[in-house]
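What follows is a single structure, written as structure tokens, with notes after it.
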Amino acid sequence: MRRPESFLPLTAVVFEILVSLATGERHGYSILIDVRTRTGDSLRPGSLYRALNRLLDDGLIEELDERPDPELDDERRRYYQLTALGRQVAEAEAARLDAQVRAARSARLLTRRPR
Amino acid sequence: MTSFYCRLLLLAFPRAVRDRVGRPLVQTLVSDCHRGSGRLSMWCLIANSADVVRAGLAERFRPLRPLRASASSASPPASSASLRERRHGSLRTDLRDVRRSLARRPVFAVTVFATLALGLGLNAAIFSVVNRVLVTELPYRDPSHLAFMWSKLAWVGVPRAWVAGPHIDRLRREAGSVESILPIRTAELQFNGAGAPDVITAGLTTAPLFDVLGVRVLHGRGFVAADEPLNVAILTYPIWRQRFGGDANVIGRKVEIGGDAMEIIGVLPEDFRFVVHSSLGNPKPVDIWLPTSWPLAKMSDSNFGFAALVRVKPSATMAEAQAELDIIGARIDKERFKARGFGWQLVGVQQDLVRKVRPALLLIFGAAAVVLLVVCANVTGLLLVRHADRRREFAVRTAMGAGRPDIVRLVLVECVALSLAAGLAGLALAAIALKIAVATNGLPIPRLAEVSIDWTAVAFTFGLSVAAGLAASVIPAWRFTRTQASAALSDASRGSSGRTGRARAILVAAELSLAVVLVAGSALLVRSYAALRQADPGFSGAGTLTADLRLLEQRYPKEAQAVDFFTRLSESLRTMPEVSAVGAVSSAPLDANADQGNAIPAGWIPAAGGPNAIMVDAMQATPGYFAAMGIPMIAGREFSWSDRAGGQRVVIVDETFVRQAWPDGTALGRALTLDDKQSAIVIGVVRHARQYRLDADDRPHVYQSYSQVTQSQMTLAVRTNGDPERLADVVKRAVAAIDDKQPVANIATMRHAVDVAVADRRLQFEALGAFAIGAAVLASLGLYGLLASLVAERRREIGIRMALGADRGAVRRWLARQIVIVTGAGVGVGLLAALAASRLLQPFLYSISPRDPLAIAATVGGLVVLIAATSYWPVRRATSLDPADALRRD
């Protein structure tokens, strides 16, 4: 198995998808809405699924069964979840970003105090 | 349809990806574009489509393919770093090349993009209308089993009459394939209870209408059988919003309709649109529905008084139902109508609604397709010029190992990519154009309000974009497979290519001939429209204002009171200085609302086997009506208030009636009998004022005097020498002075009525005319480009000729010959095609032959002027050439 660090740095879209799945399994549309509301970016389905396909290829996420989403429209949807490797990669990327943010803060690029 | 479109888009992705995430991706796409509201968001759709294609192509070319063997084996010149970077062989590099080469020629790119966007947008918009209006089923349960039923009365030449009550009753009992058959009528009723008193159109029907249609109410409940004799009403969505502010608590409220208190029990949903069809006039939207019960079996079987909605049993087909109706109809024909040709005809609800607009829409759709062809030819011409400039580039590529397929693909990809981008822009244009068309609602097309860009239109435009891109680039691509690398490289940059010139000349000729077809077609329609506007409709309503007055029986119970109302109203209006004539009639011209009846002229001998009475439109008119409507009196006098009820009945007939009843031409003083069996004396003869349509309508008219036979629904006609619209307030005040509770409805000018009557023809010639102008402009741009490059390429040759003593006249003659050959061929072929196609136009023409010489002459004349104007500058440039300068340049 590849070392988690070998995937870094992640693209912004891939990282956001991993963050989205870190809270639990989701289907594609749910990821799309989650990423959009969190980041304000307009992620689009084509780019999302291109990224999901690569994540599946690399073994960072895995497919679950199809099942209906009662909160949406009860249509059967394909769910995805993080693999152990995926979680490690996401953690490694978060740590990398955190180090960057800390460096930026000590260079007084960020004035607000962390909570 | 949605999934079909998405699957098309998904083709951008490699197969392995499609197999894995294709299905959820489609689901997500659909969810995303229908976010929440369920309505398709156009912008989201466009952005998502572009994103899928981009992501898919990016994925497809993720691992850069290695250099092709042929490309790497040819050793590139070391000095040319940029050439070495070029990789032939992948779509990805092709797309990059396309981007770069288009950026180098922005004018070319923008021109091609804009013409394609306009052509594709036009087709997308018209496709959306055609698809929604002609193809999409009406929103009823199983609409394929719903039909209107019309009576056929062959012996009086009426193919589309309403249905008689006893026949509905009989079909209910005898027709096994018919699940239900509903009688429907409309009535203009006075409405009090919310807002100012007004007149509304009520639909009267038996209880199960909404069950038969399969429509659920928005609020409250639908009718049940027990409602029939009760005073309950169901509101349509628009009147609920306008009059009751969309208040859901309206259920249970009492309102006064037609003088009776009615309880509102339901509100129909917004998308409910059911129009009651009159046999000849325009379908009418209904404001409010009232359940009614009629003693159908006991009514007269010669009073065809109901529109009939039929639901055929699910187990039977429409054809089987029609066959059964034919059998029962033939029985009734024999029993009651002396086998003179009675029958019924079922027409599907959808077909019935679009009956009038269908041919025109198809014509416009076809014309739009022709415009797109001209666009494609134009783009092909532009590509040929552009690729002539790129011959060196292609030759270098070939020398470096690019195969012919690589060059072909490059040419195709460039054009298809541009065309797809133009298709997206076209969709946006179409969406905007449709929004405007729907908002202004000025087009005489049913269901226009429902039209929008949907998945089907997107898929159609996508396919059309690819097809147009391929069509425009296939000739240039094919030509370059034949370019010899060595020839192209050695042939410096002078680049005059006789073959390219010839191909472009043929393209320009083709564009011109397509333009001629459209111009000739619209010239015919314009001529026909002008002829229709000039034709005498039997009335001259330019200065006439009309308004509907319905006197309530509750408030005017006696006929004498109603007569008194109109007498006083006429007198008060006549004294106004701006009013020149006043009258009223039960059905104004073009109203299509007259009652039909049978008239038997005294001493008339029916033709053997023919009808025993003359079917007429029977109307009631007050004194002064004919002057107010501008209907000329041919003989005799108008009615007078002294024609009293109880005295000798008097009638005025029109010229058509005289021709049929008394061919000797004398009518005054003769007698006739109408359905009320009372003999009436003819006191006047008037012109035939068209009652249904401006173009064809010849049922005879008989007018009774309002002072002798009253009618609750009357149309007031007031004539002025000035602008009739200014009379509206005068009329309202005059009515209010006599009875301030009397509503005045549908105030309109007769000029407006005429405009409405010709609106569909107007739409036809305006649409076709606009397309024709567009096609002609494109063709002339093509011609200009051809001539300009011809002059530029031959400047050296022209210079030599002139240096050797050829005068400017010779140069001009040479150029003129080129122009005449190209345009002559184009216009000639176009005229032949136009003559062949003009048969298609026959049904749209009024009193004009499809080979109308004036229209053809105008077409040829117009194009000659356009061609001359287009040729002026190139010819001038060629003849004003300085020979020394032309030679020096090379």
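We label chains A, B, ... in the order they appear in the structure tokens, count residues from 1 in each chain, and number ligands from 1 in the order shown.
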
Would you give me, as an NGL selection string, the residues of chain A that come within 7 Å of chain B, using only C-alpha atoms?
-> :A and (28-29 or 44-47 or 49-50 or 53 or 77-78)

Write out as number ranges by chain which residues come within 9 Å of Pro743 (chain B) when counting only C-alpha atoms, dropping same-chain ones fewer than 5 positions away.
-> B: 190-191, 196-199, 548-551, 732, 735-736

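Distance check against Ala51 (chain A) using only C-alpha atoms: of A:Arg3, A:Ile31, A:Arg108, A:Asp98, the minimum falls on A:Ile31.
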
Extract, using only C-alpha atoms, all DNA, RNA and protein residues at most 8 Å from Leu43 (chain A), discarding same-chain residues fewer than 4 positions from it, and format them as a VMD selection string.
-> chain A and resid 13 32 35 to 36 47 to 48

Selection to disk with N, CA and C atoms, as a PDB file, in the first residue's frame:
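Saved as result-v5.pdb:
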```
ATOM      1  N   VAL A  13     -10.363  20.238  -4.531  1.00  0.00           N
ATOM      2  CA  VAL A  13     -11.621  19.488  -4.665  1.00  0.00           C
ATOM      3  C   VAL A  13     -11.522  18.154  -3.942  1.00  0.00           C
ATOM      4  N   LEU A  32     -21.905  16.991  -3.069  1.00  0.00           N
ATOM      5  CA  LEU A  32     -21.936  18.216  -3.886  1.00  0.00           C
ATOM      6  C   LEU A  32     -22.493  19.385  -3.073  1.00  0.00           C
ATOM      7  N   VAL A  35     -20.133  20.327  -0.045  1.00  0.00           N
ATOM      8  CA  VAL A  35     -18.941  21.085  -0.423  1.00  0.00           C
ATOM      9  C   VAL A  35     -19.334  22.505  -0.811  1.00  0.00           C
ATOM     10  N   ARG A  36     -20.418  22.632  -1.553  1.00  0.00           N
ATOM     11  CA  ARG A  36     -20.836  23.964  -1.982  1.00  0.00           C
ATOM     12  C   ARG A  36     -21.168  24.848  -0.779  1.00  0.00           C
ATOM     13  N   SER A  47     -17.020  17.424 -12.486  1.00  0.00           N
ATOM     14  CA  SER A  47     -15.734  17.476 -11.788  1.00  0.00           C
ATOM     15  C   SER A  47     -15.767  16.591 -10.548  1.00  0.00           C
ATOM     16  N   LEU A  48     -16.894  16.609  -9.851  1.00  0.00           N
ATOM     17  CA  LEU A  48     -17.023  15.797  -8.640  1.00  0.00           C
ATOM     18  C   LEU A  48     -16.796  14.325  -8.955  1.00  0.00           C
TER      19      LEU A  48
END
```

Tell me which protein, DNA and RNA residues are within 12 Å of Ala339 (chain B), counting only C-alpha atoms, leaving out same-chain ones fewer than 2 positions away, and put them as a PyMOL selection string.
-> chain B and resi 153-155+329-337+341-343+609-611

Output file for the residues above (C-alpha atoms, as a PDB file, in the first residue's frame):
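Below is the file that was written, again.pdb:
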```
ATOM      1  CA  LEU B 153     -73.839  18.199 -41.131  1.00  0.00           C
ATOM      2  CA  ALA B 154     -73.007  17.430 -44.737  1.00  0.00           C
ATOM      3  CA  TRP B 155     -76.210  18.845 -46.259  1.00  0.00           C
ATOM      4  CA  GLY B 329     -74.493   8.230 -36.482  1.00  0.00           C
ATOM      5  CA  ALA B 330     -75.616   6.524 -39.690  1.00  0.00           C
ATOM      6  CA  ARG B 331     -78.679   5.190 -37.840  1.00  0.00           C
ATOM      7  CA  ILE B 332     -79.607   8.687 -36.620  1.00  0.00           C
ATOM      8  CA  ASP B 333     -78.915  10.073 -40.079  1.00  0.00           C
ATOM      9  CA  LYS B 334     -81.496   7.699 -41.537  1.00  0.00           C
ATOM     10  CA  GLU B 335     -84.076   8.117 -38.753  1.00  0.00           C
ATOM     11  CA  ARG B 336     -83.933  11.893 -38.378  1.00  0.00           C
ATOM     12  CA  PHE B 337     -82.052  13.577 -41.187  1.00  0.00           C
ATOM     13  CA  GLY B 341     -75.058  12.983 -44.362  1.00  0.00           C
ATOM     14  CA  PHE B 342     -75.130  13.305 -40.578  1.00  0.00           C
ATOM     15  CA  GLY B 343     -72.255  11.916 -38.537  1.00  0.00           C
ATOM     16  CA  GLY B 609     -82.682  16.250 -52.336  1.00  0.00           C
ATOM     17  CA  GLY B 610     -81.321  19.525 -50.980  1.00  0.00           C
ATOM     18  CA  PRO B 611     -82.003  21.134 -47.614  1.00  0.00           C
TER      19      PRO B 611
END
```

One decimal, Å: what's the distance from CA of Phe148 (chain B) over to CA of Ala360 (chain B), could you say?
->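 Spanning CA of Phe148 (chain B) to CA of Ala360 (chain B) is a straight-line distance of 22.1 Å.
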
Within 9 Å of Asp301 (chain B) using only C-alpha atoms, minus same-chain residues under 6 positions, as a ChimeraX atom specification | /B:163-167,336

Those residues with N, CA and C atoms, as a compact mmCIF listing (two decimals), in the first residue's frame please?
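File written: again.txt
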```txt
# COMPACT_ATOMS: atom_id res chain seq x y z
N VAL B 163 -72.65 19.56 -30.61
CA VAL B 163 -73.41 18.32 -30.56
C VAL B 163 -74.76 18.59 -29.89
N ALA B 164 -75.79 17.88 -30.35
CA ALA B 164 -77.13 18.07 -29.80
C ALA B 164 -77.31 17.25 -28.52
N GLY B 165 -78.08 17.80 -27.57
CA GLY B 165 -78.28 17.16 -26.27
C GLY B 165 -78.76 15.72 -26.36
N PRO B 166 -79.82 15.44 -27.13
CA PRO B 166 -80.33 14.06 -27.19
C PRO B 166 -79.29 13.08 -27.74
N HIS B 167 -78.39 13.58 -28.60
CA HIS B 167 -77.38 12.68 -29.15
C HIS B 167 -76.39 12.26 -28.07
N ARG B 336 -83.55 10.51 -38.64
CA ARG B 336 -83.93 11.89 -38.38
C ARG B 336 -83.56 12.87 -39.49
```

Excluding same-chain residues fewer than 2 positions from region 833-850 of chain B, what lies within 8 Å of it counting only C-alpha atoms, as a list of chain:residue names?
-> B:Ala360, B:Ser513, B:Val516, B:Val517, B:Leu518, B:Ala520, B:Gly521, B:Leu524, B:Leu525, B:Arg527, B:Ser528, B:Tyr529, B:Ala531, B:Leu532, B:Asp695, B:Arg761, B:Val829, B:Gly830, B:Leu831, B:Asp852

Generate a file of the selected residues that holds C-alpha atoms, formatted as a compact mmCIF listing (two decimals), in the first residue's frame.
```txt
# COMPACT_ATOMS: atom_id res chain seq x y z
CA ALA B 360 -47.81 27.33 -39.64
CA SER B 513 -30.60 29.71 -53.89
CA VAL B 516 -34.26 32.84 -52.82
CA VAL B 517 -36.57 30.06 -51.57
CA LEU B 518 -37.16 31.89 -48.29
CA ALA B 520 -39.93 34.04 -52.49
CA GLY B 521 -41.96 32.28 -49.80
CA LEU B 524 -45.94 35.31 -51.35
CA LEU B 525 -47.09 35.49 -47.72
CA ARG B 527 -48.74 39.56 -50.90
CA SER B 528 -51.38 37.28 -49.46
CA TYR B 529 -51.53 39.26 -46.23
CA ALA B 531 -54.61 41.05 -50.25
CA LEU B 532 -56.43 39.95 -47.10
CA ASP B 695 -60.73 35.13 -45.45
CA ARG B 761 -51.05 35.10 -40.88
CA VAL B 829 -31.73 27.22 -59.02
CA GLY B 830 -33.38 29.03 -56.11
CA LEU B 831 -36.32 30.12 -58.26
CA ASP B 852 -47.79 34.90 -58.25
```

DSSP on the backbone: what in region 263-398 of chain B comes out helix (DSSP H, G or I), as a PyMOL selection string?
-> chain B and resi 296-298+318-336+349-354+358-389+391-398

Within 10 Å of region 262-268 of chain B using only C-alpha atoms, minus same-chain residues under 6 positions, as a compact mmCIF listing (two decimals) with C-alpha atoms, in the first residue's frame:
```
# COMPACT_ATOMS: atom_id res chain seq x y z
CA PHE B 210 -62.29 16.98 -13.61
CA VAL B 215 -57.13 16.77 -12.78
CA ARG B 216 -56.88 17.34 -9.03
CA VAL B 217 -57.99 20.62 -7.49
CA LEU B 218 -55.45 22.81 -5.71
CA HIS B 219 -57.74 23.79 -2.83
CA GLY B 220 -61.12 22.53 -1.73
CA ARG B 221 -62.72 19.76 -3.74
CA GLY B 222 -63.92 18.94 -7.22
CA PHE B 223 -67.51 18.45 -8.29
CA LEU B 230 -76.55 23.05 -6.63
CA ASN B 231 -75.10 26.50 -6.80
CA VAL B 232 -71.41 25.73 -6.42
CA ALA B 233 -68.44 26.99 -8.39
CA ILE B 234 -64.79 26.11 -8.95
CA LEU B 235 -62.33 28.92 -9.66
CA THR B 236 -59.51 28.73 -12.16
CA TYR B 237 -56.08 29.74 -10.90
CA PRO B 238 -55.84 33.15 -12.67
CA ILE B 239 -59.18 34.45 -11.38
CA TRP B 240 -58.40 33.12 -7.90
CA GLY B 246 -54.72 33.80 -3.90
CA ALA B 248 -56.83 29.71 0.41
CA VAL B 250 -61.86 31.43 -0.24
CA ILE B 251 -63.41 27.96 -0.01
CA GLY B 252 -66.95 28.28 1.31
CA ARG B 253 -67.33 31.93 0.34
CA LYS B 254 -70.47 32.98 -1.48
CA VAL B 255 -70.26 35.06 -4.64
CA GLU B 256 -72.94 36.25 -7.04
CA ILE B 288 -64.93 29.71 -13.52
CA TRP B 289 -66.60 26.30 -13.74
CA LEU B 290 -70.19 25.65 -12.75
```

Which of region 10-84 of chain A counts as strand (DSSP E) under DSSP, as a list in words please?
->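 Restricting region 10-84 of chain A to strand (DSSP E) produces Arg26, His27, Ile61, Glu62, Glu63, Leu64, Asp65, Glu66, Arg67, Pro68, Arg76, Arg77, Arg78, Tyr79, Tyr80, Gln81 and Leu82 of chain A.
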
May I have the selected residues written with C-alpha atoms, as a PDB file, in the first residue's frame?
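Writing the result to out_13.pdb gives the following:
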```pdb
ATOM      1  CA  ARG A  26     -22.714  10.171   1.679  1.00  0.00           C
ATOM      2  CA  HIS A  27     -24.016   9.916  -1.861  1.00  0.00           C
ATOM      3  CA  ILE A  61     -12.779   5.823  -0.848  1.00  0.00           C
ATOM      4  CA  GLU A  62     -15.031   2.842  -1.488  1.00  0.00           C
ATOM      5  CA  GLU A  63     -18.498   2.303  -2.845  1.00  0.00           C
ATOM      6  CA  LEU A  64     -21.328   1.091  -0.654  1.00  0.00           C
ATOM      7  CA  ASP A  65     -24.669  -0.353  -1.707  1.00  0.00           C
ATOM      8  CA  GLU A  66     -27.280   1.722  -3.386  1.00  0.00           C
ATOM      9  CA  ARG A  67     -30.059   2.741  -1.095  1.00  0.00           C
ATOM     10  CA  PRO A  68     -32.746   5.384  -1.006  1.00  0.00           C
ATOM     11  CA  ARG A  76     -31.934   4.830  -4.806  1.00  0.00           C
ATOM     12  CA  ARG A  77     -28.479   6.386  -4.700  1.00  0.00           C
ATOM     13  CA  ARG A  78     -24.899   5.115  -4.599  1.00  0.00           C
ATOM     14  CA  TYR A  79     -23.160   5.889  -1.279  1.00  0.00           C
ATOM     15  CA  TYR A  80     -19.428   6.372  -0.731  1.00  0.00           C
ATOM     16  CA  GLN A  81     -17.260   6.192   2.402  1.00  0.00           C
ATOM     17  CA  LEU A  82     -13.602   6.777   3.351  1.00  0.00           C
TER      18      LEU A  82
END
```

Distance of CA of Asn593 (chain B) from CA of Leu668 (chain B), expressed in Å to one decimal place =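 It comes out at 27.0 Å.
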
Do you have the CA of Tyr556 (chain B)-CA of Ile257 (chain B) distance handy?
->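 Rounded to one decimal, the two atoms are 15.8 Å apart.
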
Please build the interface table for region 652-731 of chain B against region 745-753 of chain B with a cut-off of 9 Å, listing for each qualifying residue the nearest atom pair and the distance in Å to one decimal; count only C-alpha atoms, order rows by chain and increasing number, and write it as a Markdown table.
```
| residue | atom | partner | partner_atom | distance |
| --- | --- | --- | --- | --- |
| B:Pro724 | CA | B:Thr749 | CA | 6.6 |
| B:Glu725 | CA | B:Thr749 | CA | 6.7 |
| B:Ala728 | CA | B:Ile747 | CA | 6.9 |
```
